[in-house]
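Note: the block below is input30.cif and it holds mmCIF, C-alpha atoms.
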data_work
loop_
_atom_site.label_atom_id
_atom_site.label_comp_id
_atom_site.auth_asym_id
_atom_site.auth_seq_id
_atom_site.Cartn_x
_atom_site.Cartn_y
_atom_site.Cartn_z
CA MET A 1 24.75 32.60 18.78
CA THR A 2 26.44 29.72 20.50
CA THR A 3 24.68 26.69 21.81
CA ASP A 4 25.61 23.55 23.67
CA LEU A 5 22.93 21.60 21.91
CA THR A 6 23.94 18.18 20.57
CA ALA A 7 22.19 15.58 18.45
CA GLU A 8 21.87 13.52 21.65
CA ASN A 9 19.64 16.26 23.11
CA ILE A 10 17.45 16.12 20.01
CA TRP A 11 17.01 12.36 20.40
CA GLU A 12 16.01 13.04 24.00
CA TYR A 13 13.33 15.56 22.88
CA LEU A 14 12.10 13.12 20.25
CA ARG A 15 11.39 10.64 23.04
CA ASP A 16 8.51 12.97 24.00
CA VAL A 17 6.85 12.62 20.58
CA LYS A 18 4.30 9.83 20.60
CA ASP A 19 2.86 7.79 17.76
CA PRO A 20 -0.67 9.28 17.57
CA GLU A 21 -2.22 5.89 16.79
CA VAL A 22 -0.27 3.84 19.34
CA PRO A 23 0.32 6.48 22.02
CA VAL A 24 2.48 4.26 24.25
CA LEU A 25 5.19 4.27 21.61
CA THR A 26 7.47 7.20 20.94
CA VAL A 27 8.77 7.86 17.45
CA VAL A 28 12.15 6.64 18.73
CA ASP A 29 10.66 3.34 19.98
CA LEU A 30 9.01 2.90 16.60
CA GLY A 31 12.35 3.16 14.82
CA ILE A 32 11.18 5.63 12.20
CA ILE A 33 13.80 8.30 12.95
CA ARG A 34 16.56 7.59 10.43
CA SER A 35 18.87 10.50 11.14
CA VAL A 36 19.26 13.74 13.04
CA GLU A 37 21.47 16.51 11.70
CA LEU A 38 22.00 19.61 13.76
CA ILE A 39 23.58 22.88 12.67
CA GLY A 40 23.24 25.54 15.36
CA LEU A 41 19.53 25.81 16.07
CA ASN A 42 18.51 24.28 12.75
CA CYS A 43 17.74 20.62 12.65
CA LEU A 44 17.10 18.24 9.75
CA ILE A 45 15.34 15.05 10.74
CA THR A 46 14.85 12.17 8.33
CA ILE A 47 11.95 9.83 8.99
CA THR A 48 10.62 6.80 7.14
CA PRO A 49 6.95 5.82 6.91
CA THR A 50 5.73 2.56 8.44
CA TYR A 51 3.14 2.12 5.64
CA THR A 52 2.94 4.28 2.49
CA GLY A 53 -0.59 5.44 3.27
CA CYS A 54 -0.18 5.79 7.03
CA PRO A 55 -2.22 8.88 7.95
CA ALA A 56 -0.21 9.34 11.15
CA MET A 57 2.94 10.39 9.27
CA LYS A 58 1.80 13.96 8.70
CA VAL A 59 0.78 14.30 12.36
CA ILE A 60 4.12 12.87 13.51
CA GLU A 61 5.95 15.37 11.31
CA THR A 62 3.97 18.28 12.78
CA ASP A 63 4.46 16.97 16.33
CA ILE A 64 8.24 16.71 15.86
CA ILE A 65 8.44 20.27 14.56
CA ALA A 66 6.26 21.53 17.43
CA ARG A 67 8.26 19.69 20.12
CA LEU A 68 11.58 21.03 18.91
CA ALA A 69 10.13 24.53 18.48
CA GLU A 70 9.57 24.51 22.26
CA GLU A 71 13.36 24.33 22.56
CA GLY A 72 13.80 27.14 20.06
CA ILE A 73 14.92 24.78 17.33
CA THR A 74 13.82 25.21 13.72
CA THR A 75 13.21 21.83 12.19
CA GLU A 76 12.81 20.43 8.73
CA VAL A 77 11.48 16.89 8.42
CA LYS A 78 12.41 14.86 5.37
CA THR A 79 10.87 11.53 4.42
CA THR A 80 12.81 8.68 2.89
CA LEU A 81 11.45 5.36 1.60
CA SER A 82 14.61 3.32 1.36
CA PRO A 83 15.72 1.32 3.24
CA ALA A 84 12.08 0.46 3.86
CA TRP A 85 10.91 0.40 7.45
CA THR A 86 10.72 -2.99 9.10
CA THR A 87 9.19 -4.02 12.40
CA ASP A 88 12.72 -5.16 13.39
CA TRP A 89 13.45 -1.48 14.02
CA ILE A 90 10.98 -1.29 16.88
CA THR A 91 13.18 -1.11 19.98
CA GLU A 92 13.14 -3.72 22.75
CA ASN A 93 11.68 -1.07 25.01
CA GLY A 94 9.00 -0.39 22.42
CA ARG A 95 8.09 -4.06 22.15
CA ASN A 96 7.69 -4.32 25.93
CA LYS A 97 5.51 -1.21 26.01
CA LEU A 98 3.32 -2.60 23.22
CA GLU A 99 2.72 -5.82 25.11
CA GLU A 100 1.91 -3.99 28.35
CA TYR A 101 -0.55 -1.87 26.41
CA GLY A 102 -2.33 -4.99 25.14
CA ILE A 103 -0.95 -5.09 21.60
CA ALA A 104 1.03 -8.21 20.73
CA PRO A 105 4.47 -7.17 19.41
CA PRO A 106 5.61 -8.46 15.98
CA GLN A 107 6.80 -12.08 16.01
CA ASP A 108 9.51 -13.51 13.84
CA GLU A 109 7.71 -15.22 11.01
CA VAL A 110 9.47 -18.42 10.10
CA ASP A 111 7.44 -19.22 7.01
CA LYS A 112 8.24 -16.52 4.47
CA SER A 113 6.04 -17.72 1.61
CA VAL A 114 3.46 -15.18 0.49
CA LEU A 115 0.69 -17.72 0.02
CA PHE A 116 -0.24 -20.68 2.18
CA ALA A 117 2.23 -19.70 4.87
CA GLU A 118 1.76 -21.40 8.22
CA PRO A 119 0.02 -18.87 10.47
CA THR A 120 2.34 -17.19 12.93
CA ILE A 121 1.88 -18.10 16.59
CA VAL A 122 1.08 -14.86 18.37
CA PRO A 123 0.92 -15.16 22.16
CA CYS A 124 -1.96 -13.35 23.84
CA PRO A 125 -0.64 -10.09 25.37
CA LEU A 126 -3.00 -10.51 28.33
CA CYS A 127 -2.94 -14.16 29.48
CA LYS A 128 0.20 -15.16 27.47
CA SER A 129 -1.51 -18.23 26.02
CA LYS A 130 -0.20 -19.36 22.64
CA ASP A 131 -3.61 -20.70 21.71
CA THR A 132 -4.79 -17.73 19.63
CA ARG A 133 -6.35 -17.32 16.22
CA LEU A 134 -6.12 -14.80 13.40
CA VAL A 135 -9.46 -13.06 12.88
CA SER A 136 -8.33 -10.72 10.12
CA GLN A 137 -5.04 -9.83 8.50
CA PHE A 138 -6.19 -6.18 8.67
CA GLY A 139 -6.91 -4.46 11.96
CA SER A 140 -7.75 -1.07 13.41
CA THR A 141 -4.76 0.60 11.69
CA ALA A 142 -2.59 -0.29 8.69
CA CYS A 143 0.11 -1.75 10.93
CA LYS A 144 -2.08 -4.12 12.93
CA ALA A 145 -3.86 -7.45 12.47
CA HIS A 146 -6.83 -8.63 14.50
CA TYR A 147 -6.48 -11.74 16.70
CA GLN A 148 -8.49 -13.47 19.36
CA CYS A 149 -7.24 -15.56 22.27
CA ASN A 150 -8.87 -18.98 22.46
CA ALA A 151 -7.91 -19.34 26.13
CA CYS A 152 -9.15 -16.10 27.71
CA ARG A 153 -11.39 -15.17 24.72
CA GLU A 154 -10.02 -11.63 24.64
CA PRO A 155 -9.77 -10.05 21.17
CA PHE A 156 -6.49 -8.22 20.69
CA ASP A 157 -4.41 -6.30 18.16
CA TYR A 158 -1.20 -7.74 16.76
CA PHE A 159 1.43 -5.34 15.47
CA LYS A 160 2.05 -7.30 12.30
CA CYS A 161 5.46 -8.23 11.08
CA LEU A 162 6.72 -6.17 8.15
CA LYS A 163 10.01 -7.23 6.62
CA MET B 1 11.11 10.18 -26.70
CA THR B 2 13.28 11.38 -23.82
CA LYS B 3 13.89 9.37 -20.70
CA GLN B 4 12.14 12.09 -18.70
CA THR B 5 8.94 11.90 -20.77
CA ALA B 6 8.97 8.12 -20.62
CA LEU B 7 9.53 7.98 -16.88
CA PHE B 8 6.76 10.50 -16.26
CA ASP B 9 4.37 8.42 -18.34
CA TYR B 10 5.35 5.18 -16.65
CA LEU B 11 4.97 6.63 -13.16
CA LEU B 12 1.52 7.92 -14.08
CA ARG B 13 0.46 4.45 -15.20
CA GLN B 14 1.28 2.96 -11.82
CA ALA B 15 -0.01 6.00 -9.93
CA ASP B 16 -3.33 5.98 -11.78
CA ASP B 17 -3.74 2.22 -11.32
CA THR B 18 -3.35 2.55 -7.57
CA LEU B 19 -5.37 5.75 -7.17
CA ILE B 20 -8.35 4.52 -9.18
CA LEU B 21 -8.32 1.15 -7.44
CA GLY B 22 -8.07 2.95 -4.10
CA GLN B 23 -11.06 5.09 -5.03
CA ARG B 24 -13.07 1.99 -5.92
CA LEU B 25 -12.08 0.20 -2.71
CA SER B 26 -13.01 3.29 -0.67
CA GLU B 27 -16.57 2.96 -1.96
CA TRP B 28 -16.81 -0.11 0.28
CA CYS B 29 -16.29 1.98 3.42
CA GLY B 30 -19.30 1.30 5.63
CA HIS B 31 -20.68 -1.29 3.19
CA GLY B 32 -18.41 -4.30 3.84
CA PRO B 33 -20.15 -7.67 4.23
CA VAL B 34 -18.74 -8.00 7.77
CA LEU B 35 -16.89 -5.50 9.94
CA GLU B 36 -13.51 -7.22 9.49
CA GLU B 37 -13.78 -7.02 5.71
CA ASP B 38 -14.96 -3.44 5.82
CA ILE B 39 -11.75 -2.68 7.71
CA ALA B 40 -9.63 -4.85 5.43
CA LEU B 41 -10.90 -3.20 2.24
CA THR B 42 -10.34 0.30 3.56
CA ASN B 43 -6.88 -0.69 4.84
CA ILE B 44 -5.97 -1.91 1.38
CA ALA B 45 -7.43 1.27 -0.10
CA LEU B 46 -5.20 3.27 2.23
CA ASP B 47 -2.13 1.30 1.15
CA VAL B 48 -2.72 1.74 -2.57
CA ILE B 49 -3.56 5.43 -2.18
CA GLY B 50 -0.32 5.70 -0.21
CA GLN B 51 1.53 4.14 -3.13
CA ALA B 52 -0.25 6.51 -5.50
CA THR B 53 0.91 9.48 -3.39
CA GLU B 54 4.55 8.40 -3.62
CA LEU B 55 4.24 7.80 -7.35
CA TYR B 56 2.50 11.12 -8.10
CA GLU B 57 5.02 13.03 -5.99
CA TYR B 58 7.87 11.53 -7.92
CA ALA B 59 6.04 12.04 -11.23
CA ALA B 60 5.52 15.72 -10.40
CA GLN B 61 9.22 16.03 -9.61
CA VAL B 62 10.19 14.31 -12.87
CA GLU B 63 7.83 16.47 -14.93
CA ASN B 64 9.17 19.60 -13.21
CA ASN B 65 6.51 21.78 -14.73
CA GLY B 66 4.87 23.33 -11.68
CA ARG B 67 2.19 20.66 -11.37
CA SER B 68 1.86 19.11 -7.91
CA ALA B 69 0.99 15.53 -7.00
CA ASP B 70 -2.53 16.72 -6.18
CA ASP B 71 -2.87 18.45 -9.57
CA LEU B 72 -1.95 15.18 -11.26
CA ALA B 73 -4.35 13.16 -9.16
CA PHE B 74 -7.35 15.45 -9.27
CA LEU B 75 -7.14 17.87 -12.17
CA ARG B 76 -6.59 15.79 -15.27
CA LEU B 77 -9.24 14.86 -17.79
CA GLU B 78 -10.47 11.33 -18.30
CA ARG B 79 -8.43 10.76 -21.45
CA GLU B 80 -5.26 11.73 -19.58
CA TYR B 81 -5.58 8.90 -17.05
CA LYS B 82 -3.45 5.88 -17.90
CA ASN B 83 -4.79 3.25 -15.54
CA VAL B 84 -5.73 -0.17 -16.87
CA LEU B 85 -9.44 -0.85 -17.42
CA LEU B 86 -9.36 -3.56 -14.75
CA VAL B 87 -9.07 -1.18 -11.79
CA GLU B 88 -11.91 1.12 -12.83
CA GLN B 89 -14.43 -1.73 -13.11
CA THR B 90 -17.29 -1.34 -10.64
CA ASN B 91 -17.17 -3.15 -7.30
CA GLY B 92 -20.09 -5.48 -8.00
CA ASP B 93 -20.51 -7.93 -5.14
CA PHE B 94 -17.74 -8.69 -2.65
CA GLY B 95 -16.59 -11.61 -4.81
CA LYS B 96 -16.14 -9.42 -7.87
CA THR B 97 -14.12 -6.92 -5.83
CA MET B 98 -11.90 -9.79 -4.67
CA VAL B 99 -11.38 -11.09 -8.22
CA ARG B 100 -10.39 -7.61 -9.41
CA GLN B 101 -8.05 -7.29 -6.43
CA PHE B 102 -6.59 -10.74 -6.92
CA LEU B 103 -5.76 -10.11 -10.59
CA PHE B 104 -4.14 -6.81 -9.65
CA ASP B 105 -2.25 -8.02 -6.54
CA ASN B 106 -0.62 -10.82 -8.50
CA PHE B 107 0.61 -8.33 -11.05
CA GLN B 108 1.89 -5.86 -8.46
CA LEU B 109 3.81 -8.57 -6.62
CA LEU B 110 5.78 -9.59 -9.71
CA HIS B 111 6.07 -6.07 -11.10
CA TYR B 112 7.41 -4.49 -7.92
CA THR B 113 9.76 -7.43 -7.44
CA GLN B 114 11.22 -6.71 -10.88
CA LEU B 115 11.46 -2.98 -10.13
CA LEU B 116 13.63 -3.64 -7.07
CA ASN B 117 16.47 -3.79 -9.58
CA SER B 118 15.64 -0.45 -11.17
CA ALA B 119 18.57 1.81 -12.00
CA ASP B 120 16.39 4.67 -10.75
CA ALA B 121 16.83 4.80 -6.97
CA GLN B 122 13.41 6.33 -6.27
CA VAL B 123 11.58 3.78 -8.44
CA ALA B 124 13.41 1.00 -6.59
CA ALA B 125 12.60 2.58 -3.21
CA ILE B 126 8.88 2.88 -3.98
CA ALA B 127 8.88 -0.75 -5.16
CA GLU B 128 10.70 -1.94 -2.03
CA LYS B 129 8.27 -0.13 0.26
CA SER B 130 5.11 -1.14 -1.62
CA LEU B 131 6.08 -4.77 -2.06
CA LYS B 132 5.81 -5.42 1.67
CA GLU B 133 2.21 -4.20 1.63
CA VAL B 134 1.26 -6.04 -1.55
CA LYS B 135 2.22 -9.36 0.04
CA TYR B 136 -0.51 -8.87 2.62
CA HIS B 137 -3.02 -7.81 -0.04
CA LEU B 138 -2.38 -10.92 -2.13
CA LYS B 139 -2.60 -13.20 0.86
CA HIS B 140 -5.99 -11.68 1.62
CA SER B 141 -7.45 -11.74 -1.91
CA ALA B 142 -6.15 -15.24 -2.75
CA GLU B 143 -7.64 -16.66 0.44
CA TRP B 144 -11.01 -15.16 -0.45
CA ILE B 145 -10.92 -16.50 -4.01
CA ILE B 146 -10.38 -19.98 -2.59
CA ARG B 147 -12.98 -19.59 0.13
CA LEU B 148 -15.64 -18.26 -2.24
CA GLY B 149 -14.82 -20.52 -5.18
CA ASP B 150 -14.63 -23.64 -3.05
CA GLY B 151 -17.53 -22.48 -0.88
CA THR B 152 -21.24 -22.82 -1.46
CA GLU B 153 -22.87 -23.29 -4.86
CA GLU B 154 -24.03 -19.68 -4.70
CA SER B 155 -20.59 -18.25 -3.87
CA HIS B 156 -18.91 -20.51 -6.43
CA ASN B 157 -21.26 -19.44 -9.24
CA ARG B 158 -21.02 -15.78 -8.42
CA VAL B 159 -17.24 -15.68 -8.19
CA GLN B 160 -16.99 -17.75 -11.39
CA GLU B 161 -19.13 -15.16 -13.16
CA SER B 162 -16.79 -12.41 -11.99
CA VAL B 163 -13.75 -14.37 -13.15
CA ASN B 164 -15.41 -14.79 -16.55
CA GLU B 165 -16.14 -11.09 -16.67
CA LEU B 166 -12.79 -9.73 -15.44
CA MET B 167 -10.16 -12.10 -16.89
CA ARG B 168 -10.30 -10.30 -20.22
CA PHE B 169 -8.90 -7.19 -18.53
CA ALA B 170 -5.79 -8.90 -17.10
CA ASP B 171 -3.74 -8.81 -20.28
CA GLU B 172 -3.67 -5.02 -20.36
CA LEU B 173 -1.47 -5.08 -17.26
CA PHE B 174 1.27 -6.20 -19.66
CA PHE B 175 0.74 -3.29 -22.06
CA LYS B 176 3.96 -2.17 -23.73
CA ASN B 177 4.87 0.69 -26.02
CA GLU B 178 7.77 3.04 -26.77
CA VAL B 179 7.78 4.20 -23.13
CA ASN B 180 8.79 0.71 -22.05
CA GLU B 181 11.50 0.51 -24.71
CA VAL B 182 13.10 3.78 -23.61
CA LEU B 183 13.04 2.88 -19.91
CA LEU B 184 14.21 -0.66 -20.55
CA SER B 185 17.26 0.57 -22.41
CA GLU B 186 18.03 2.90 -19.48
CA GLY B 187 17.66 0.08 -16.95
CA VAL B 188 14.81 1.92 -15.16
CA ILE B 189 12.39 -0.96 -15.69
CA GLY B 190 12.70 -4.61 -16.65
CA ASN B 191 10.94 -6.37 -19.48
CA ILE B 192 7.39 -6.67 -18.32
CA GLU B 193 6.86 -9.77 -20.46
CA ASP B 194 9.48 -11.66 -18.50
CA PHE B 195 6.96 -12.42 -15.79
CA LYS B 196 3.80 -12.69 -17.86
CA GLN B 197 3.88 -16.47 -17.96
CA GLN B 198 4.58 -16.59 -14.23
CA TYR B 199 1.63 -14.27 -13.66
CA TYR B 200 -0.85 -16.53 -15.40
CA GLN B 201 0.65 -19.57 -13.70
CA ASN B 202 0.17 -18.01 -10.28
CA VAL B 203 -3.35 -16.82 -11.07
CA ASN B 204 -4.46 -20.12 -12.57
CA LYS B 205 -3.01 -22.12 -9.71
CA ILE B 206 -5.27 -20.34 -7.22
CA LEU B 207 -8.30 -20.46 -9.52
CA LEU B 208 -7.90 -24.23 -9.80
CA GLU B 209 -7.39 -24.54 -6.06
CA ALA B 210 -10.67 -22.63 -5.74
CA THR B 211 -12.35 -25.21 -8.05
CA LEU B 212 -12.98 -22.44 -10.58
CA THR B 213 -12.80 -22.81 -14.34
CA ILE B 214 -10.23 -20.75 -16.18
CA PRO B 215 -12.17 -18.98 -18.91
CA GLU B 216 -11.07 -19.42 -22.50
CA LEU B 217 -10.67 -15.93 -23.81
CA LYS B 218 -11.43 -15.00 -27.40
CA TYR B 219 -10.17 -11.46 -26.97
CA HIS B 220 -8.59 -9.14 -24.42
CA GLN B 221 -10.16 -5.83 -23.51
CA LYS B 222 -7.66 -2.96 -23.57
CA GLY B 223 -7.63 0.82 -23.78
CA GLY B 224 -7.02 2.41 -20.39
CA ARG B 225 -3.24 2.70 -20.82
CA ILE B 226 -3.82 4.97 -23.84
CA GLY B 227 -6.67 6.89 -22.23
CA ASN B 228 -9.62 5.02 -23.75
CA HIS B 229 -11.62 4.23 -20.65
CA SER B 230 -14.83 2.37 -20.05
CA GLU B 231 -18.07 4.15 -19.30
CA GLN B 232 -17.67 3.72 -15.53
CA MET B 233 -14.55 5.90 -15.44
CA GLY B 234 -16.38 9.20 -15.99
CA PHE B 235 -18.68 8.58 -13.05
CA LEU B 236 -15.75 7.61 -10.86
CA LEU B 237 -13.83 10.78 -11.74
CA ALA B 238 -16.89 12.96 -11.28
CA GLU B 239 -17.12 11.82 -7.69
CA MET B 240 -13.39 11.75 -7.02
CA GLN B 241 -12.66 15.18 -8.50
CA TYR B 242 -15.79 16.96 -7.32
CA MET B 243 -14.25 18.82 -4.37
CA GLN B 244 -11.15 20.02 -6.24
CA ARG B 245 -13.22 21.08 -9.26
CA THR B 246 -15.80 22.91 -7.15
CA TYR B 247 -13.38 24.51 -4.68
CA PRO B 248 -10.10 24.73 -6.60
CA GLY B 249 -7.03 24.40 -4.37
CA MET B 250 -9.01 23.53 -1.26
CA GLU B 251 -7.11 21.77 1.51
CA TRP B 252 -8.01 20.23 4.83
#

Target encoding structure tokens, full file:
Amino acid sequence: MTTDLTAENIWEYLRDVKDPEVPVLTVVDLGIIRSVELIGLNCLITITPTYTGCPAMKVIETDIIARLAEEGITTEVKTTLSPAWTTDWITENGRNKLEEYGIAPPQDEVDKSVLFAEPTIVPCPLCKSKDTRLVSQFGSTACKAHYQCNACREPFDYFKCLK
Amino acid sequence: MTKQTALFDYLLRQADDTLILGQRLSEWCGHGPVLEEDIALTNIALDVIGQATELYEYAAQVENNGRSADDLAFLRLEREYKNVLLVEQTNGDFGKTMVRQFLFDNFQLLHYTQLLNSADAQVAAIAEKSLKEVKYHLKHSAEWIIRLGDGTEESHNRVQESVNELMRFADELFFKNEVNEVLLSEGVIGNIEDFKQQYYQNVNKILLEATLTIPELKYHQKGGRIGNHSEQMGFLLAEMQYMQRTYPGMEW
């Protein structure tokens, strides 16, 4: 059986697969797709977890297989840990979508010390004020921290920097 | 002892440490002192159980004997668990949970940093991935030690009591035997004693910052690494293994 399918088509299909916990982001925006290998109608996709215990990974795997099955493609999803995922791999598009959705995108953290680091300035995704405070390092999912804006008082999620 | 046997054993040590600690932390779910801490504790539980999953999966692969990661996690007997006594200690109050976490996070930070140089690519990859999470855990536990120690008289006294109770378990994190020797000679692990001094320096620095007294220890409590657990362990396993023992092979 011949097919005109290319890896580029697969990437296009993957743009329909959403992160179940942050549904504005696709798995491509998130930067967790490490490689796509296509032989005929068989596809091997390598993904990397955001956090080791992220419960969304299994769902993402199933969603990828289901999406490609719609195109008649048989898919195997492999997980790799190294190089470890970093928030730098979230695409520019993804960062914009996060902010529109009300989640502050990861900021470059200047102070790299583990302890006593200066808190990162995270602008409020709603009113853009830089006068915000960290409520808790741990938020509604493993990848988020909980902040509050001192200007508009709105509590918001921050997609925390992982490097 | 072969490299395979040694690696299997060493992976189980780390896997059991993280699984048992994760089980303990999960007990806080719905019982946190404030909502933010309830979420924080369960987030940390999720991270360490995630690490345990990676470690058990690799251990199962190394053993290559038909046992799965789940079999290793849920179907061994108490004496077969190799976790340190520290992680199986009961939660106590929030302060005690933070002291236990703080002593463990400090170890993980230095241990995983050393394992980044492992000659075994999968060990190095697990270390690289986990290290990023551990940094957040330590930031969280260290801040709480300072806040509670340097807080009210009540919080100071209670956290001091927990430090006095739990410090004797810290030394077991540096347990060494033939397994270490074999893996050290193969470049899979580093010498765990190389960062022991650094560990106590880091721990003591925060305890002093928290205005806490560093207890003078007359002895160290050990046993978990060779399967001699404290009384609490049986109760923990009974709860953790209940479903798999009652409905063998169940999945959801």

I'd like the neighbourhood of Gly31 of chain A as a count of residues only, where a residue qualifies if any of its atoms comes within 10 Å (using all atoms listed in the file), though same-chain residues fewer than 6 positions away should be ignored.
13

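For the pair atom CA of Ala127 of chain B and atom CA of Val114 of chain A, the separation is 16.4 Å.
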
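Take the PyMOL selection byres ((chain B and resi 230-247) around 9) and apply it to this file: it picks Ile20, Gln23, Arg24, Ala73, Phe74, Leu75, Leu77, Glu78, Leu85, Glu88, Gln89, Thr90, Gly223, Gly224, Asn228, His229, Pro248, Gly249, Met250 and Glu251 of chain B.
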
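Between Gly50 of chain B and the candidates A:Ala142, A:Thr6, A:Pro155, A:Pro23, the tightest atom-to-atom separation, counting all atoms listed in the file, involves A:Ala142.
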
For chain B, list the residues within 8 Å of chain A, counting all atoms listed in the file, and write the list as a count of residues only.
26

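Note that atom CA of Ile32 of chain A and atom CA of Thr42 of chain B are 23.8 Å apart.
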
May I ask which of the residues B:Asp70, B:Glu63, B:Asp16, B:Glu209 is the closest one to Asp150 of chain B, counting all atoms listed in the file?
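Checking each candidate against Asp150 of chain B, we get B:Glu209 as the closest.
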
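The two atoms in question, atom CA of Glu100 of chain A and atom CA of Ala151 of chain A, are spaced 18.4 Å apart.
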
Hits from the PyMOL selection byres ((chain B and resi 179) around 10), listed as a list in words:
Met1, Thr2, Lys3, Thr5, Ala6, Leu7, Phe8, Asp9, Tyr10, Lys176, Asn177, Glu178, Asn180, Glu181, Val182, Leu183 and Leu184 of chain B

Selection from above, C-alpha atoms, as a tab-separated table (two decimals), in the frame of the given file, can you write it?
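Final output, saved to selection17.tsv:
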chain	number	residue	atom	x	y	z
B	1	MET	CA	11.11	10.18	-26.70
B	2	THR	CA	13.28	11.38	-23.82
B	3	LYS	CA	13.89	9.37	-20.70
B	5	THR	CA	8.94	11.90	-20.77
B	6	ALA	CA	8.97	8.12	-20.62
B	7	LEU	CA	9.53	7.98	-16.88
B	8	PHE	CA	6.76	10.50	-16.26
B	9	ASP	CA	4.37	8.42	-18.34
B	10	TYR	CA	5.35	5.18	-16.65
B	176	LYS	CA	3.96	-2.17	-23.73
B	177	ASN	CA	4.87	0.69	-26.02
B	178	GLU	CA	7.77	3.04	-26.77
B	180	ASN	CA	8.79	0.71	-22.05
B	181	GLU	CA	11.50	0.51	-24.71
B	182	VAL	CA	13.10	3.78	-23.61
B	183	LEU	CA	13.04	2.88	-19.91
B	184	LEU	CA	14.21	-0.66	-20.55

Cut-off 9 Å around (12.8, 9.7, 16.5) with all atoms listed in the file: residues as a PDB file with C-alpha atoms, in the coordinates of the input:
ATOM      1  CA  ILE A  10      17.450  16.120  20.010  1.00  0.00           C
ATOM      2  CA  TRP A  11      17.010  12.360  20.400  1.00  0.00           C
ATOM      3  CA  GLU A  12      16.010  13.040  24.000  1.00  0.00           C
ATOM      4  CA  TYR A  13      13.330  15.560  22.880  1.00  0.00           C
ATOM      5  CA  LEU A  14      12.100  13.120  20.250  1.00  0.00           C
ATOM      6  CA  ARG A  15      11.390  10.640  23.040  1.00  0.00           C
ATOM      7  CA  VAL A  17       6.850  12.620  20.580  1.00  0.00           C
ATOM      8  CA  THR A  26       7.470   7.200  20.940  1.00  0.00           C
ATOM      9  CA  VAL A  27       8.770   7.860  17.450  1.00  0.00           C
ATOM     10  CA  VAL A  28      12.150   6.640  18.730  1.00  0.00           C
ATOM     11  CA  ASP A  29      10.660   3.340  19.980  1.00  0.00           C
ATOM     12  CA  LEU A  30       9.010   2.900  16.600  1.00  0.00           C
ATOM     13  CA  GLY A  31      12.350   3.160  14.820  1.00  0.00           C
ATOM     14  CA  ILE A  32      11.180   5.630  12.200  1.00  0.00           C
ATOM     15  CA  ILE A  33      13.800   8.300  12.950  1.00  0.00           C
ATOM     16  CA  ARG A  34      16.560   7.590  10.430  1.00  0.00           C
ATOM     17  CA  SER A  35      18.870  10.500  11.140  1.00  0.00           C
ATOM     18  CA  VAL A  36      19.260  13.740  13.040  1.00  0.00           C
ATOM     19  CA  ILE A  45      15.340  15.050  10.740  1.00  0.00           C
ATOM     20  CA  THR A  46      14.850  12.170   8.330  1.00  0.00           C
ATOM     21  CA  ILE A  47      11.950   9.830   8.990  1.00  0.00           C
ATOM     22  CA  ILE A  64       8.240  16.710  15.860  1.00  0.00           C
TER      23      ILE A  64
END

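For the set B:Thr211, B:Gln108, B:Thr18, B:Gln122, the residue with the smallest atom-to-atom gap to Ile192 of chain B is B:Gln108, counting all atoms listed in the file.
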
What would segment 202-212 of chain B look like with N, CA and C atoms in place, written as a tab-separated table (two decimals), in the coordinates of the input?
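Heads up, here's the output in rebuild.tsv:
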chain	number	residue	atom	x	y	z
B	202	ASN	N	0.56	-18.28	-11.67
B	202	ASN	CA	0.17	-18.01	-10.28
B	202	ASN	C	-1.34	-17.83	-10.15
B	203	VAL	N	-1.91	-17.08	-11.11
B	203	VAL	CA	-3.35	-16.82	-11.07
B	203	VAL	C	-4.12	-18.13	-11.25
B	204	ASN	N	-3.73	-18.89	-12.26
B	204	ASN	CA	-4.46	-20.12	-12.57
B	204	ASN	C	-4.36	-21.14	-11.44
B	205	LYS	N	-3.21	-21.17	-10.80
B	205	LYS	CA	-3.01	-22.12	-9.71
B	205	LYS	C	-4.07	-21.90	-8.62
B	206	ILE	N	-4.29	-20.64	-8.27
B	206	ILE	CA	-5.27	-20.34	-7.22
B	206	ILE	C	-6.70	-20.59	-7.72
B	207	LEU	N	-6.95	-20.24	-8.98
B	207	LEU	CA	-8.30	-20.46	-9.52
B	207	LEU	C	-8.64	-21.95	-9.48
B	208	LEU	N	-7.66	-22.78	-9.83
B	208	LEU	CA	-7.90	-24.23	-9.80
B	208	LEU	C	-8.10	-24.72	-8.38
B	209	GLU	N	-7.26	-24.22	-7.48
B	209	GLU	CA	-7.39	-24.54	-6.06
B	209	GLU	C	-8.80	-24.18	-5.56
B	210	ALA	N	-9.34	-23.11	-6.14
B	210	ALA	CA	-10.67	-22.63	-5.74
B	210	ALA	C	-11.78	-23.37	-6.50
B	211	THR	N	-11.42	-24.41	-7.23
B	211	THR	CA	-12.35	-25.21	-8.05
B	211	THR	C	-13.05	-24.38	-9.12
B	212	LEU	N	-12.39	-23.30	-9.54
B	212	LEU	CA	-12.98	-22.44	-10.58
B	212	LEU	C	-12.45	-22.84	-11.95
